[in-house]
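Student: Structure in structure tokens, see below.
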Protein chains: 2
Amino acid sequence: MAGRPVDHQRRAELLDAVVDYTVEHGFSELSWRPVAAALGVSTTTLVHHFGTKEQMLETILGRLRERMFAATSEAVGDQPDLATAARAVWTRTSDPRQWAEFRLFFAVYGRALQSPQQFADFLDHVVADWMGALRDAQGPDADPATAARTATLVIATIRGLLLDLLATGDRVRVQDAAESFLATLDDKAGRPSRPH
Amino acid sequence: MAGRPVDHQRRAELLDAVVDYTVEHGFSELSWRPVAAALGVSTTTLVHHFGTKEQMLETILGRLRERMFAATSEAVGDQPDLATAARAVWTRTSDPRQWAEFRLFFAVYGRALQSPQQFADFLDHVVADWMGALRDAQGPDADPATAARTATLVIATIRGLLLDLLATGDRVRVQDAAESFLATLDDKAGRPSRPH
DNA sequence: CTATTCTTTGTACGGTCGTGCTAGAAATGT
DNA sequence: ACATTTCTAGCACGACCGTACAAAGAATAG
């Protein structure tokens, strides 16, 4: 009646390996054959597990989002207020060990802006996920309008600074600007801003 | 001794047409044949004027940068101080008529982060151009360190907000956050912030 | 054992890609 | 007129692309 069971673990292994490959080798020129060669499998194996290429891209992006959001959302969740949460997010995102993932993130972001229907899932979550986390960090008593405004500004500034950092590599200047911004969040919360 | 003269104007016409095509159809899947078909010329004509594809991409990016930077740098140059200059830049960049160009801008940005050597020219100018303009807007008497910090923050915030705007289309929320940020620039300059 | 289903592989097909080659038309100087 | 150079076009080549197909090995249930 029943044959060989579906090996979900195998698919998960392959997916993580593919995501690793994508983070390292980029996203724009991704194709079956080089990926398969790098993983030591045949292209047919990848096709069997992920379907069409478009489906695989969607799967990769989903897994990537899962990784990146999980890595920082927990850092946000443990912080007492928005200012320290934002500082934690910035500390994490500006870590050079995360640069490869963020380079991929912005590559996908840029491509998604030009093919919105294909990357609808990405665009739906790329702001909303962080908005939720940063709104929660401001507590349930915060004014909703102010909370949304501040969360939007924090996301935009961090991403903008990260764009600068990845393009120029000028850590001193960007870090200086980041400290300046984070200080304004301290001030808003009525606490003294750190010296810099 | 001399044959038919080189037609520089013809090349300029083709280049602008190609840039228009790229702005509209995207950057990631650009290839000779569809572009040539859209312009009503043969692929050989494009190859003759632009050399290899990589050279054409570089030329396109240079022309695009010329367009985008010229469109806003003049708006910055005429402003009396940084706060109004930043406001002018934001007003211009958040105009929906410029969205297509900025979508292409971020698509190139993302790709450049993953192929730095190929897009070295883009990465060299993507921050430096605006840094120069926004530093000048703060006058010659401003403290260099503060000027650089503020310029960096203005660029990052505007680009981050634009990323949000292009992804979500939520003009109200993003504009609200932008006003909040621009108000802090007014405050720094010792002038009263606009109500919002 | 057999039957069934999943996994993996090799192969092949049609399509698009960048680009080189050849040749004719157009525009200049002599 | 001619020679020379640019412009434009058509064509062909090899490479890579996504993916469909057939077949063999592996793991389960009966």
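Ligands are numbered from 1 in the order shown, residues from 1 within each chain, and chains are lettered A, B, ... in the order they appear in the structure tokens.
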Please, which residues of chain A lie no more than 9 Å from chain B when the count uses only C-alpha atoms, and can they be set out as a count of residues only?
Tutor: 54
Student: Using only C-alpha atoms (C1' of nucleotides) and a distance of at most 8 Å, pull out the residues of chain A that contact chain C, as a PyMOL selection string.
Tutor: chain A and resi 1-6+42+44-45
Student: What are the residues of chain D that have an atom within 12 Å of an atom of chain B, counting only C-alpha atoms (C1' of nucleotides), as a count of residues only?
Tutor: 10
Student: Identify all residues of range 26-146 of chain B in alpha helix (DSSP H) (DSSP on the backbone) and supply them as a PyMOL selection string.
Tutor: chain B and resi 32-39+43-50+53-77+82-93+99-114+120-126+128-136+144-146
Student: Between CA of Gln118 in chain B and CA of Met131 in chain B, what is the distance, to one decimal in Å?
Tutor: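 CA of Met131 in chain B lies 22.6 Å from CA of Gln118 in chain B.
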Student: When you look at Leu39 in chain A with a cut-off of 9 Å (counting only C-alpha atoms (C1' of nucleotides)), what residues show up, excluding the ones that are within fewer than 3 positions of it in the same chain? I need them as number ranges by chain.
Tutor: A: 14, 17-18, 21, 34-36, 42
Student: Would you save the residues from that selection as a compact mmCIF listing (two decimals), in the first residue's frame, using N, CA and C atoms?
Tutor:
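Generated output (result07.txt):
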```txt
# COMPACT_ATOMS: atom_id res chain seq x y z
N LEU A 14 19.24 19.96 2.24
CA LEU A 14 19.55 20.56 0.94
C LEU A 14 19.22 22.05 0.94
N ALA A 17 21.77 24.06 2.71
CA ALA A 17 22.99 24.12 1.90
C ALA A 17 22.83 25.10 0.74
N VAL A 18 21.66 25.08 0.13
CA VAL A 18 21.41 25.99 -0.98
C VAL A 18 21.41 27.44 -0.50
N TYR A 21 24.89 28.50 0.00
CA TYR A 21 25.51 28.78 -1.29
C TYR A 21 25.06 30.14 -1.82
N PRO A 34 25.35 24.96 -11.29
CA PRO A 34 26.44 25.29 -10.35
C PRO A 34 26.09 24.93 -8.90
N VAL A 35 24.86 25.17 -8.51
CA VAL A 35 24.46 24.83 -7.15
C VAL A 35 24.59 23.33 -6.93
N ALA A 36 24.07 22.57 -7.88
CA ALA A 36 24.13 21.12 -7.75
C ALA A 36 25.58 20.65 -7.67
N SER A 42 23.03 15.96 -8.25
CA SER A 42 22.64 16.27 -9.63
C SER A 42 21.56 17.33 -9.63
```
Student: Quick one: distance from C1' of DA15 in chain D to CA of Leu61 in chain A in Å, one decimal?
Tutor: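 These atoms are spaced 28.7 Å apart.
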Student: In Å, how far is it from CA of Asp129 in chain B to CA of Ser73 in chain B?
Tutor: 9.1 Å
